[in-house]
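Q: Dropping in upload_13.cif, with mmCIF, C-alpha atoms.
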```
data_target
loop_
_atom_site.group_PDB
_atom_site.id
_atom_site.type_symbol
_atom_site.label_atom_id
_atom_site.label_comp_id
_atom_site.auth_asym_id
_atom_site.auth_seq_id
_atom_site.Cartn_x
_atom_site.Cartn_y
_atom_site.Cartn_z
ATOM 1 C CA MET H 1350 22.609 -23.459 15.908
ATOM 2 C CA ASP H 1351 24.403 -20.400 14.531
ATOM 3 C CA LYS H 1352 23.615 -21.482 10.976
ATOM 4 C CA LEU H 1353 19.969 -21.943 11.911
ATOM 5 C CA LYS H 1354 19.826 -18.455 13.415
ATOM 6 C CA ALA H 1355 21.486 -16.992 10.350
ATOM 7 C CA TRP H 1356 18.980 -18.759 8.086
ATOM 8 C CA TRP H 1357 16.083 -17.434 10.174
ATOM 9 C CA GLN H 1358 17.447 -13.900 10.015
ATOM 10 C CA ARG H 1359 17.506 -14.117 6.215
ATOM 11 C CA HIS H 1360 14.095 -15.752 5.806
ATOM 12 C CA ARG H 1361 11.955 -14.653 8.729
ATOM 13 C CA PRO H 1362 8.620 -13.145 7.661
ATOM 14 C CA THR H 1363 8.429 -9.389 7.639
ATOM 15 C CA THR H 1364 5.661 -7.360 9.233
ATOM 16 C CA ARG H 1365 4.035 -6.919 5.828
ATOM 17 C CA ARG H 1366 4.200 -10.626 5.021
ATOM 18 C CA LEU H 1367 2.611 -11.462 8.361
ATOM 19 C CA ALA H 1368 -0.136 -8.915 7.706
ATOM 20 C CA GLN H 1369 -0.815 -10.553 4.330
ATOM 21 C CA LEU H 1370 -0.980 -14.003 5.917
ATOM 22 C CA TYR H 1371 -3.233 -12.852 8.757
ATOM 23 C CA ALA H 1372 -5.566 -11.149 6.279
ATOM 24 C CA ALA H 1373 -5.772 -14.268 4.108
ATOM 25 C CA VAL H 1374 -6.607 -16.407 7.154
ATOM 26 C CA LEU H 1375 -9.189 -13.957 8.492
ATOM 27 C CA TYR H 1376 -10.893 -13.588 5.108
ATOM 28 C CA ASN H 1377 -11.136 -17.387 4.860
ATOM 29 C CA ALA H 1378 -11.720 -18.325 8.476
ATOM 30 C CA HIS H 1379 -14.685 -20.591 7.734
ATOM 31 C CA ILE H 1380 -12.641 -23.783 7.982
ATOM 32 C CA ARG H 1381 -15.787 -25.879 7.963
ATOM 33 C CA GLY H 1382 -16.413 -24.797 4.378
ATOM 34 C CA PHE H 1383 -13.166 -26.389 3.206
ATOM 35 C CA ILE H 1384 -14.058 -29.627 4.998
ATOM 36 C CA GLU H 1385 -17.652 -29.823 3.766
ATOM 37 C CA GLY H 1386 -17.048 -28.277 0.357
ATOM 38 C CA LYS H 1387 -19.794 -25.709 0.856
ATOM 39 C CA ILE H 1388 -19.950 -21.925 0.628
ATOM 40 C CA TYR H 1389 -20.639 -20.005 3.826
ATOM 41 C CA THR H 1390 -23.856 -17.981 3.489
ATOM 42 C CA GLY H 1391 -24.199 -16.562 6.996
ATOM 43 C CA PRO H 1392 -24.801 -12.938 7.992
ATOM 44 C CA ALA H 1393 -21.118 -11.984 7.712
ATOM 45 C CA LYS H 1394 -21.373 -12.435 3.935
ATOM 46 C CA ALA H 1395 -23.313 -9.158 3.841
ATOM 47 C CA VAL H 1396 -20.056 -7.347 4.689
ATOM 48 C CA CYS H 1397 -17.257 -6.797 2.180
ATOM 49 C CA VAL H 1398 -13.651 -7.557 3.083
ATOM 50 C CA PRO H 1399 -11.156 -4.924 1.834
ATOM 51 C CA GLY H 1400 -9.106 -7.133 -0.507
ATOM 52 C CA LEU H 1401 -9.928 -9.346 -3.470
ATOM 53 C CA ASN H 1402 -11.263 -12.617 -2.060
ATOM 54 C CA CYS H 1403 -13.923 -14.600 -3.907
ATOM 55 C CA TYR H 1404 -17.374 -14.864 -2.341
ATOM 56 C CA SER H 1405 -17.518 -18.478 -3.552
ATOM 57 C CA CYS H 1406 -14.345 -19.600 -1.796
ATOM 58 C CA PRO H 1407 -15.412 -22.333 0.670
ATOM 59 C CA GLY H 1408 -13.673 -20.521 3.517
ATOM 60 C CA ALA H 1409 -14.748 -16.968 2.715
ATOM 61 C CA VAL H 1410 -16.531 -15.268 5.617
ATOM 62 C CA GLY H 1411 -17.209 -11.997 3.779
ATOM 63 C CA ALA H 1412 -18.050 -10.733 0.326
ATOM 64 C CA CYS H 1413 -15.581 -9.606 -2.320
ATOM 65 C CA PRO H 1414 -15.995 -5.831 -2.834
ATOM 66 C CA LEU H 1415 -15.489 -6.162 -6.584
ATOM 67 C CA GLY H 1416 -18.101 -8.882 -6.935
ATOM 68 C CA ALA H 1417 -20.470 -6.959 -4.670
ATOM 69 C CA LEU H 1418 -20.030 -3.840 -6.802
ATOM 70 C CA GLN H 1419 -20.845 -5.713 -10.007
ATOM 71 C CA ASN H 1420 -23.890 -7.332 -8.435
ATOM 72 C CA ALA H 1421 -25.046 -3.953 -7.149
ATOM 73 C CA ILE H 1422 -24.653 -2.393 -10.591
ATOM 74 C CA ALA H 1423 -26.420 -5.372 -12.159
ATOM 75 C CA ALA H 1424 -29.344 -4.743 -9.805
ATOM 76 C CA SER H 1425 -29.217 -0.950 -10.117
ATOM 77 C CA ALA H 1426 -32.376 -0.910 -12.237
ATOM 78 C CA ASN H 1427 -34.218 -2.009 -9.080
ATOM 79 C CA ARG H 1428 -32.217 -0.395 -6.279
ATOM 80 C CA PRO H 1429 -29.249 2.002 -5.989
ATOM 81 C CA ALA H 1430 -25.771 0.670 -5.179
ATOM 82 C CA PHE H 1431 -25.245 3.070 -2.264
ATOM 83 C CA TYR H 1432 -24.062 0.461 0.254
ATOM 84 C CA VAL H 1433 -21.329 -1.094 -1.874
ATOM 85 C CA VAL H 1434 -20.140 2.243 -3.251
ATOM 86 C CA GLY H 1435 -20.039 3.549 0.323
ATOM 87 C CA MET H 1436 -17.954 0.588 1.476
ATOM 88 C CA LEU H 1437 -15.490 1.056 -1.379
ATOM 89 C CA MET H 1438 -15.229 4.771 -0.638
ATOM 90 C CA LEU H 1439 -14.590 4.005 3.037
ATOM 91 C CA PHE H 1440 -11.835 1.528 2.174
ATOM 92 C CA GLY H 1441 -10.394 3.877 -0.443
ATOM 93 C CA LEU H 1442 -10.383 6.982 1.760
ATOM 94 C CA THR H 1443 -8.865 5.226 4.770
ATOM 95 C CA LEU H 1444 -6.489 2.605 3.319
ATOM 96 C CA GLY H 1445 -6.359 3.110 -0.450
ATOM 97 C CA ARG H 1446 -3.879 0.813 -2.155
ATOM 98 C CA VAL H 1447 -2.327 -0.123 1.166
ATOM 99 C CA ILE H 1448 -4.983 -2.837 0.887
ATOM 100 C CA CYS H 1449 -3.244 -4.143 -2.249
ATOM 101 C CA GLY H 1450 0.174 -4.269 -0.613
ATOM 102 C CA TRP H 1451 -0.777 -5.474 2.850
ATOM 103 C CA LEU H 1452 -4.284 -6.963 3.014
ATOM 104 C CA CYS H 1453 -4.994 -8.758 -0.271
ATOM 105 C CA PRO H 1454 -4.674 -12.577 -0.442
ATOM 106 C CA VAL H 1455 -4.326 -12.452 -4.235
ATOM 107 C CA GLY H 1456 -1.400 -10.073 -3.824
ATOM 108 C CA LEU H 1457 0.230 -12.563 -1.471
ATOM 109 C CA ILE H 1458 -0.239 -15.415 -3.952
ATOM 110 C CA GLN H 1459 1.321 -13.330 -6.727
ATOM 111 C CA GLU H 1460 4.362 -12.459 -4.630
ATOM 112 C CA LEU H 1461 4.931 -16.081 -3.634
ATOM 113 C CA LEU H 1462 4.724 -17.143 -7.295
ATOM 114 C CA HIS H 1463 7.269 -14.468 -8.179
ATOM 115 C CA LYS H 1464 9.709 -15.962 -5.695
ATOM 116 C CA LEU H 1465 10.108 -19.049 -7.892
ATOM 117 C CA PRO H 1466 13.693 -19.055 -9.247
ATOM 118 C CA THR H 1467 13.257 -17.999 -12.876
ATOM 119 C CA PRO H 1468 14.446 -15.058 -14.995
ATOM 120 C CA LYS H 1469 12.365 -11.973 -14.216
ATOM 121 C CA LEU H 1470 10.978 -9.323 -16.535
ATOM 122 C CA LYS H 1471 11.779 -5.891 -15.168
ATOM 123 C CA LYS H 1472 9.439 -2.940 -15.417
ATOM 124 C CA SER H 1473 9.683 -0.846 -18.546
ATOM 125 C CA ARG H 1474 7.683 1.432 -20.788
ATOM 126 C CA VAL H 1475 5.722 -1.610 -21.893
ATOM 127 C CA THR H 1476 4.678 -2.585 -18.361
ATOM 128 C CA ARG H 1477 3.882 1.060 -17.584
ATOM 129 C CA ALA H 1478 1.586 1.206 -20.609
ATOM 130 C CA LEU H 1479 -0.018 -2.117 -19.670
ATOM 131 C CA SER H 1480 -0.748 -0.777 -16.178
ATOM 132 C CA TRP H 1481 -3.557 1.304 -17.699
ATOM 133 C CA LEU H 1482 -5.313 -1.852 -18.901
ATOM 134 C CA LYS H 1483 -6.929 -2.430 -15.514
ATOM 135 C CA TYR H 1484 -8.724 0.911 -15.764
ATOM 136 C CA ILE H 1485 -10.159 -0.128 -19.120
ATOM 137 C CA ILE H 1486 -11.238 -3.456 -17.613
ATOM 138 C CA LEU H 1487 -12.818 -1.567 -14.708
ATOM 139 C CA ALA H 1488 -14.780 0.702 -17.036
ATOM 140 C CA VAL H 1489 -15.897 -2.050 -19.418
ATOM 141 C CA PHE H 1490 -16.334 -5.259 -17.407
ATOM 142 C CA VAL H 1491 -17.147 -3.905 -13.945
ATOM 143 C CA VAL H 1492 -19.282 -0.885 -14.849
ATOM 144 C CA ALA H 1493 -20.416 -0.669 -18.487
ATOM 145 C CA ILE H 1494 -21.431 -4.272 -19.237
ATOM 146 C CA PRO H 1495 -23.244 -4.902 -15.914
ATOM 147 C CA LEU H 1496 -25.024 -1.551 -16.261
ATOM 148 C CA TYR H 1497 -25.973 -2.237 -19.895
ATOM 149 C CA TYR H 1498 -27.573 -5.536 -18.948
ATOM 150 C CA ALA H 1499 -29.112 -4.103 -15.779
ATOM 151 C CA LEU H 1500 -31.121 -1.701 -17.923
ATOM 152 C CA ARG H 1501 -32.449 -4.799 -19.694
ATOM 153 C CA ARG H 1502 -33.240 -6.518 -16.382
ATOM 154 C CA VAL H 1503 -30.532 -9.155 -16.931
ATOM 155 C CA PRO H 1504 -27.952 -9.335 -14.082
ATOM 156 C CA LEU H 1505 -24.447 -9.912 -15.453
ATOM 157 C CA PRO H 1506 -21.335 -9.432 -13.255
ATOM 158 C CA ALA H 1507 -19.074 -9.526 -16.312
ATOM 159 C CA PHE H 1508 -15.620 -9.448 -14.710
ATOM 160 C CA CYS H 1509 -16.459 -12.235 -12.263
ATOM 161 C CA LYS H 1510 -18.142 -14.319 -14.945
ATOM 162 C CA TYR H 1511 -15.678 -13.942 -17.800
ATOM 163 C CA ILE H 1512 -12.260 -13.007 -16.385
ATOM 164 C CA CYS H 1513 -11.546 -13.135 -12.656
ATOM 165 C CA PRO H 1514 -8.713 -15.652 -12.059
ATOM 166 C CA ALA H 1515 -9.077 -15.187 -8.302
ATOM 167 C CA GLY H 1516 -12.647 -16.445 -8.510
ATOM 168 C CA THR H 1517 -11.547 -19.418 -10.599
ATOM 169 C CA LEU H 1518 -8.824 -20.364 -8.120
ATOM 170 C CA GLU H 1519 -10.552 -19.648 -4.826
ATOM 171 C CA GLY H 1520 -14.129 -20.393 -5.841
ATOM 172 C CA ALA H 1521 -14.235 -22.968 -8.640
ATOM 173 C CA VAL H 1522 -11.007 -24.838 -7.878
ATOM 174 C CA GLY H 1523 -11.615 -24.475 -4.144
ATOM 175 C CA LEU H 1524 -14.974 -26.217 -4.462
ATOM 176 C CA LEU H 1525 -13.975 -28.753 -7.127
ATOM 177 C CA SER H 1526 -10.964 -29.904 -5.118
ATOM 178 C CA ASN H 1527 -13.292 -31.337 -2.479
ATOM 179 C CA PRO H 1528 -14.413 -34.922 -3.295
ATOM 180 C CA VAL H 1529 -17.972 -34.174 -2.100
ATOM 181 C CA ASN H 1530 -18.372 -31.908 -5.143
ATOM 182 C CA ALA H 1531 -17.279 -34.497 -7.718
ATOM 183 C CA ASP H 1532 -20.685 -34.261 -9.405
ATOM 184 C CA LEU H 1533 -19.968 -30.623 -10.309
ATOM 185 C CA PHE H 1534 -17.430 -31.680 -12.940
ATOM 186 C CA SER H 1535 -20.273 -32.751 -15.224
ATOM 187 C CA MET H 1536 -21.554 -29.165 -15.192
ATOM 188 C CA LEU H 1537 -18.315 -27.617 -16.464
ATOM 189 C CA GLY H 1538 -18.272 -26.174 -19.963
ATOM 190 C CA PRO H 1539 -16.387 -23.833 -22.297
ATOM 191 C CA LEU H 1540 -16.790 -20.853 -19.958
ATOM 192 C CA PHE H 1541 -14.943 -22.627 -17.143
ATOM 193 C CA THR H 1542 -12.279 -23.808 -19.582
ATOM 194 C CA ARG H 1543 -11.649 -20.256 -20.780
ATOM 195 C CA LYS H 1544 -11.497 -18.928 -17.245
ATOM 196 C CA PHE H 1545 -9.173 -21.746 -16.194
ATOM 197 C CA VAL H 1546 -6.848 -20.866 -19.073
ATOM 198 C CA ILE H 1547 -6.910 -17.208 -17.998
ATOM 199 C CA MET H 1548 -6.017 -18.266 -14.451
ATOM 200 C CA VAL H 1549 -3.077 -20.386 -15.648
ATOM 201 C CA VAL H 1550 -1.820 -17.596 -17.931
ATOM 202 C CA MET H 1551 -2.009 -15.027 -15.117
ATOM 203 C CA ALA H 1552 -0.318 -17.360 -12.626
ATOM 204 C CA THR H 1553 2.474 -18.017 -15.129
ATOM 205 C CA ALA H 1554 2.843 -14.300 -15.811
ATOM 206 C CA CYS H 1555 3.212 -13.653 -12.071
ATOM 207 C CA VAL H 1556 6.198 -16.004 -11.960
ATOM 208 C CA PHE H 1557 8.080 -13.768 -14.391
ATOM 209 C CA VAL H 1558 6.485 -10.366 -13.748
ATOM 210 C CA TYR H 1559 6.055 -8.955 -10.240
ATOM 211 C CA ARG H 1560 2.307 -8.831 -9.403
ATOM 212 C CA ALA H 1561 1.233 -9.096 -13.042
ATOM 213 C CA PHE H 1562 -2.475 -9.445 -12.218
ATOM 214 C CA CYS H 1563 -2.400 -6.604 -9.714
ATOM 215 C CA ARG H 1564 -0.575 -4.243 -12.075
ATOM 216 C CA PHE H 1565 -2.297 -4.985 -15.364
ATOM 217 C CA VAL H 1566 -5.710 -6.556 -14.749
ATOM 218 C CA CYS H 1567 -7.191 -6.053 -11.270
ATOM 219 C CA PRO H 1568 -10.084 -3.557 -11.310
ATOM 220 C CA LEU H 1569 -10.189 -3.399 -7.512
ATOM 221 C CA GLY H 1570 -6.658 -2.002 -7.479
ATOM 222 C CA ALA H 1571 -7.772 0.475 -10.130
ATOM 223 C CA ILE H 1572 -10.623 1.628 -7.865
ATOM 224 C CA TYR H 1573 -8.353 2.063 -4.856
ATOM 225 C CA GLY H 1574 -5.825 3.842 -7.069
ATOM 226 C CA LEU H 1575 -8.397 6.599 -7.621
ATOM 227 C CA PHE H 1576 -8.028 7.487 -3.932
ATOM 228 C CA ALA H 1577 -4.218 7.751 -4.040
ATOM 229 C CA ARG H 1578 -4.107 11.493 -3.344
ATOM 230 C CA VAL H 1579 -6.596 11.502 -0.480
ATOM 231 C CA ALA H 1580 -6.218 8.144 1.336
ATOM 232 C CA LEU H 1581 -5.490 8.496 5.048
ATOM 233 C CA MET H 1582 -2.842 5.769 5.054
ATOM 234 C CA GLY H 1583 0.101 5.375 2.701
ATOM 235 C CA VAL H 1584 3.753 6.116 2.053
ATOM 236 C CA ARG H 1585 4.576 9.798 2.279
ATOM 237 C CA VAL H 1586 7.599 11.811 1.170
ATOM 238 C CA GLU H 1587 9.016 14.637 3.267
ATOM 239 C CA GLU H 1588 9.517 17.076 0.425
ATOM 240 C CA ALA H 1589 12.017 19.214 2.332
ATOM 241 C CA ALA H 1590 14.348 16.244 2.784
ATOM 242 C CA CYS H 1591 13.893 14.737 -0.698
ATOM 243 C CA THR H 1592 16.732 15.420 -3.161
ATOM 244 C CA GLY H 1593 15.005 13.873 -6.182
ATOM 245 C CA CYS H 1594 17.669 11.186 -6.574
ATOM 246 C CA GLY H 1595 15.141 8.671 -7.931
ATOM 247 C CA ALA H 1596 16.337 5.764 -5.774
ATOM 248 C CA CYS H 1597 12.784 5.046 -4.637
ATOM 249 C CA GLN H 1598 11.403 4.886 -8.165
ATOM 250 C CA ARG H 1599 14.246 2.670 -9.411
ATOM 251 C CA ALA H 1600 13.855 0.242 -6.507
ATOM 252 C CA CYS H 1601 10.059 0.075 -6.715
ATOM 253 C CA PRO H 1602 8.899 -3.190 -8.343
ATOM 254 C CA VAL H 1603 5.718 -1.612 -9.777
ATOM 255 C CA ASP H 1604 5.195 1.126 -12.347
ATOM 256 C CA ILE H 1605 5.128 4.256 -10.218
ATOM 257 C CA ARG H 1606 6.055 7.698 -11.465
ATOM 258 C CA ARG H 1607 6.351 8.959 -7.926
ATOM 259 C CA VAL H 1608 6.026 7.479 -4.443
ATOM 260 C CA GLY H 1609 2.400 7.159 -3.401
ATOM 261 C CA ASP H 1610 0.804 7.596 -6.820
ATOM 262 C CA HIS H 1611 -2.083 5.494 -8.195
ATOM 263 C CA GLU H 1612 0.203 2.561 -9.075
ATOM 264 C CA CYS H 1613 1.945 2.453 -5.684
ATOM 265 C CA VAL H 1614 0.896 -0.475 -3.447
ATOM 266 C CA HIS H 1615 2.620 1.081 -0.409
ATOM 267 C CA CYS H 1616 4.778 -1.955 0.282
ATOM 268 C CA GLY H 1617 7.399 0.150 2.048
ATOM 269 C CA LEU H 1618 10.477 -0.847 0.042
ATOM 270 C CA CYS H 1619 11.118 2.813 -0.717
ATOM 271 C CA VAL H 1620 11.322 3.507 3.017
ATOM 272 C CA ASP H 1621 14.433 1.342 3.234
ATOM 273 C CA VAL H 1622 16.213 2.473 0.066
ATOM 274 C CA CYS H 1623 15.799 6.246 0.438
ATOM 275 C CA PRO H 1624 19.307 7.619 1.147
ATOM 276 C CA GLU H 1625 17.871 10.760 2.730
ATOM 277 C CA LYS H 1626 15.423 8.861 4.967
ATOM 278 C CA ALA H 1627 12.668 11.077 3.643
ATOM 279 C CA ILE H 1628 9.966 8.420 3.179
ATOM 280 C CA SER H 1629 7.679 6.826 5.769
ATOM 281 C CA LEU H 1630 4.461 4.837 5.893
ATOM 282 C CA ARG H 1631 1.931 6.943 7.745
ATOM 283 C CA ALA H 1632 -1.665 6.913 8.908
ATOM 284 C CA GLY H 1633 -2.520 10.567 9.205
ATOM 285 C CA ARG H 1634 -0.039 12.028 11.667
ATOM 286 C CA PHE H 1635 1.110 8.648 12.959
ATOM 287 C CA THR H 1636 4.244 6.991 11.553
ATOM 288 C CA LEU H 1637 3.777 3.256 11.083
ATOM 289 C CA MET H 1638 7.043 2.568 9.279
ATOM 290 C CA GLY H 1639 9.987 4.871 8.875
ATOM 291 C CA PRO H 1640 13.770 4.841 8.858
ATOM 292 C CA GLU H 1641 13.769 4.325 12.603
ATOM 293 C CA THR H 1642 11.405 1.327 12.442
ATOM 294 C CA ALA H 1643 12.760 -0.577 9.407
ATOM 295 C CA ARG H 1644 14.153 -3.901 10.592
ATOM 296 C CA ARG H 1645 16.525 -4.456 7.747
ATOM 297 C CA GLU H 1646 17.210 -3.098 4.300
ATOM 298 C CA GLY H 1647 14.629 -4.321 1.806
ATOM 299 C CA GLY H 1648 12.708 -6.090 4.547
ATOM 300 C CA ALA H 1649 9.424 -4.232 4.301
ATOM 301 C CA ALA H 1650 8.620 -5.323 0.787
ATOM 302 C CA ARG H 1651 10.236 -8.712 0.679
#
```
Just give me the structure as structure tokens.

A:
Amino acid sequence: MDKLKAWWQRHRPTTRRLAQLYAAVLYNAHIRGFIEGKIYTGPAKAVCVPGLNCYSCPGAVGACPLGALQNAIAASANRPAFYVVGMLMLFGLTLGRVICGWLCPVGLIQELLHKLPTPKLKKSRVTRALSWLKYIILAVFVVAIPLYYALRRVPLPAFCKYICPAGTLEGAVGLLSNPVNADLFSMLGPLFTRKFVIMVVMATACVFVYRAFCRFVCPLGAIYGLFARVALMGVRVEEAACTGCGACQRACPVDIRRVGDHECVHCGLCVDVCPEKAISLRAGRFTLMGPETARREGGAAR
């Protein structure tokens, strides 16, 4: 019994891990879709969930904000994209990249893949440079290409169509894995093959590099990163108590230059490692996680 308790103490899910699991379940609560192999198309699909979760996943009860943005841009020649842009601004101003660290199912998948026992590639100047790639992908595949084709009355959500590994896994694989959709295999072509290869490459990269997709490719994270300075919720540093020791930056698994910047996913690991106890996760004036609430060292971001 003592050994069992000790094992549980080492492996019990943290608050953040539970939040990730709850979010994944809530985003994909349409269990009937998994059984029947069909996409839910009810009224809830008009609402975007905060994290990256494919519209075409059989269990998805809401829309993916990134896919909705591309579709809105693709249709911008006919109607403005006010609703989707407003939703993204609301998510960005209130939660920012806390969504990436706490409420994104794709982030959870990446972290679980990274737990596989293999050698790991640590962050470096190379990974920091690659972290800017997602902003280029955002500009080109999410905005420029859909807008270019929208002006020619041809809807083209380029990132979803040509790149998105989350859509391939949750949507295509999710549907194809159900025997009732066996006839769909005859419709697959080179585009699916390329996207499947991209998915496998990204999944493999996540085994060796912490959150490789999130850090280098995901345009949704890039959008939320634009709100880093103004988001209501996030990790905050008490400047008067900070000594500039750099422990937070060294311990952070992503490519931050400072706590809470556009690359920070607000996982809370820095809260535990700060020797001066100067960092906390806050929502406005309210402290959600601080030195007094951390359950164990390193627990918040495990």

Q: Do you have, as a tab-separated table, the list of residues of stretch 1350-1464 of chain H lying at most 10 Å from stretch 1560-1565 of chain H, each with its nearest atom pair and that distance in Å to one decimal, counting all atoms listed in the file and ordered by chain then number?

A:
```
residue	atom	partner	partner_atom	distance
H:Cys1449	CA	H:Cys1563	CA	7.9
H:Gly1450	CA	H:Cys1563	CA	9.7
H:Val1455	CA	H:Cys1563	CA	8.2
H:Gly1456	CA	H:Arg1560	CA	6.8
H:Leu1457	CA	H:Arg1560	CA	9.0
H:Ile1458	CA	H:Arg1560	CA	8.9
H:Gln1459	CA	H:Arg1560	CA	5.3
H:Glu1460	CA	H:Arg1560	CA	6.3
H:Leu1461	CA	H:Arg1560	CA	9.6
H:Leu1462	CA	H:Arg1560	CA	8.9
H:His1463	CA	H:Arg1560	CA	7.6
```

Q: Report as a list in words the residues that result from applying the PyMOL selection byres ((chain H and resi 1470) around 6) to the structure here.

A: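 Evaluating the PyMOL selection byres ((chain H and resi 1470) around 6) on this file yields Lys1469, Lys1471, Phe1557 and Val1558 of chain H.
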
Q: Mind telling me what the PyMOL selection byres ((chain H and resi 1413-1420) around 6) catches here, as an NGL selection string?

A: :H and (1397 or 1401-1404 or 1412 or 1421-1423 or 1433 or 1491 or 1506)

Q: Would you mind reading off the distance between atom CA of H:Val1579 and atom CA of H:Glu1612, one decimal, in Å?

A: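 Atom CA of H:Glu1612 lies at a distance of 14.1 Å from atom CA of H:Val1579.
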
Q: Put a box with edges along x, y and z around all the listed atoms of stretch 1509-1527 of chain H, pad it by 3 Å on each side, then give me its centre and sizes in Å, one decimal, as AutoDock Vina command-line options.

A:
```
--center_x -13.4 --center_y -21.8 --center_z -10.1 --size_x 15.4 --size_y 25.1 --size_z 21.3
```

Q: Quick one: apply the PyMOL selection byres ((chain H and resi 1526-1534) around 12) to the file and drop the selected residues here as a compact mmCIF listing (two decimals) with C-alpha atoms, in the frame of the given file.

A:
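Written output follows (part.txt):
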```txt
# COMPACT_ATOMS: atom_id res chain seq x y z
CA GLY H 1382 -16.41 -24.80 4.38
CA PHE H 1383 -13.17 -26.39 3.21
CA ILE H 1384 -14.06 -29.63 5.00
CA GLU H 1385 -17.65 -29.82 3.77
CA GLY H 1386 -17.05 -28.28 0.36
CA LYS H 1387 -19.79 -25.71 0.86
CA ILE H 1388 -19.95 -21.92 0.63
CA CYS H 1406 -14.34 -19.60 -1.80
CA PRO H 1407 -15.41 -22.33 0.67
CA THR H 1517 -11.55 -19.42 -10.60
CA LEU H 1518 -8.82 -20.36 -8.12
CA GLU H 1519 -10.55 -19.65 -4.83
CA GLY H 1520 -14.13 -20.39 -5.84
CA ALA H 1521 -14.24 -22.97 -8.64
CA VAL H 1522 -11.01 -24.84 -7.88
CA GLY H 1523 -11.62 -24.48 -4.14
CA LEU H 1524 -14.97 -26.22 -4.46
CA LEU H 1525 -13.98 -28.75 -7.13
CA SER H 1535 -20.27 -32.75 -15.22
CA MET H 1536 -21.55 -29.16 -15.19
CA LEU H 1537 -18.32 -27.62 -16.46
CA GLY H 1538 -18.27 -26.17 -19.96
CA PHE H 1541 -14.94 -22.63 -17.14
CA THR H 1542 -12.28 -23.81 -19.58
```

Q: Could you name the residues that touch H:Ala1499 at 9 Å or less, counting all atoms listed in the file, but leaving out those on the same chain fewer than 3 positions away, as a list in words?

A: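 Near H:Ala1499, the qualifying residues are Ile1422, Ala1423, Ala1424, Ser1425, Ala1426, Asn1427, Ile1494, Pro1495, Leu1496, Arg1502, Val1503, Pro1504 and Leu1505 of chain H.
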
Q: Ranking H:Asp1610, H:Glu1588, H:Glu1625, H:Asp1351 by minimum distance to H:Leu1575 and counting all atoms listed in the file, which one comes first?

A: H:Asp1610

Q: Let me make sure I understand: among H:Pro1514, H:Pro1624, H:Gly1595, H:Pro1466, which one has the smallest atom-to-atom distance to H:Ala1552 if we use only C-alpha atoms?

A: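 Distance minimum relative to H:Ala1552 lands on H:Pro1514.
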
Q: Which one is closest to H:Val1546: H:Cys1513, H:Tyr1559, H:Met1436, H:Leu1367? Count only C-alpha atoms.

A: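 Using only C-alpha atoms, H:Val1546 sits closest to H:Cys1513.
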
Q: Determine the nearest neighbour of H:Arg1606 from the options H:Val1549, H:Ile1380, H:Arg1474, H:Gly1435, counting only C-alpha atoms.

A: H:Arg1474

Q: Smallest atom-to-atom distance to H:Cys1555: which of H:Leu1465, H:Ala1430, H:Ile1485, H:Cys1597, using all atoms listed in the file?

A: H:Leu1465

Q: Between H:Cys1509, H:Val1614, H:Ala1589, H:Ala1395, which has the minimum distance to H:Phe1576 (counting all atoms listed in the file)?

A: H:Val1614

Q: Please report the interatomic distance between atom CA of H:Gly1617 and atom CA of H:Val1584 in Å with one decimal.

A: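 Taking atom CA of H:Gly1617 and atom CA of H:Val1584, their separation equals 7.0 Å.
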
Q: Quick one: residues within 8 Å of H:Val1586, all atoms listed in the file, excluding same-chain residues fewer than 4 positions away - as number ranges by chain?

A: H: 1591, 1608, 1627-1629

Q: Please output stretch 1545-1554 of chain H, rebuilt to include N, CA and C atoms, as a tab-separated table (two decimals), in the frame of the given file.

A:
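Saved as selection.tsv:
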```
chain	number	residue	atom	x	y	z
H	1545	PHE	N	-10.30	-20.98	-16.73
H	1545	PHE	CA	-9.17	-21.75	-16.19
H	1545	PHE	C	-7.89	-21.41	-16.95
H	1546	VAL	N	-8.00	-21.25	-18.27
H	1546	VAL	CA	-6.85	-20.87	-19.07
H	1546	VAL	C	-6.36	-19.47	-18.66
H	1547	ILE	N	-7.29	-18.55	-18.45
H	1547	ILE	CA	-6.91	-17.21	-18.00
H	1547	ILE	C	-6.18	-17.28	-16.67
H	1548	MET	N	-6.66	-18.11	-15.76
H	1548	MET	CA	-6.02	-18.27	-14.45
H	1548	MET	C	-4.59	-18.79	-14.60
H	1549	VAL	N	-4.41	-19.80	-15.44
H	1549	VAL	CA	-3.08	-20.39	-15.65
H	1549	VAL	C	-2.14	-19.36	-16.29
H	1550	VAL	N	-2.64	-18.62	-17.27
H	1550	VAL	CA	-1.82	-17.60	-17.93
H	1550	VAL	C	-1.40	-16.53	-16.93
H	1551	MET	N	-2.34	-16.07	-16.09
H	1551	MET	CA	-2.01	-15.03	-15.12
H	1551	MET	C	-1.03	-15.55	-14.06
H	1552	ALA	N	-1.23	-16.78	-13.61
H	1552	ALA	CA	-0.32	-17.36	-12.63
H	1552	ALA	C	1.08	-17.48	-13.21
H	1553	THR	N	1.17	-17.91	-14.46
H	1553	THR	CA	2.47	-18.02	-15.13
H	1553	THR	C	3.11	-16.65	-15.29
H	1554	ALA	N	2.32	-15.66	-15.66
H	1554	ALA	CA	2.84	-14.30	-15.81
H	1554	ALA	C	3.40	-13.78	-14.50
```
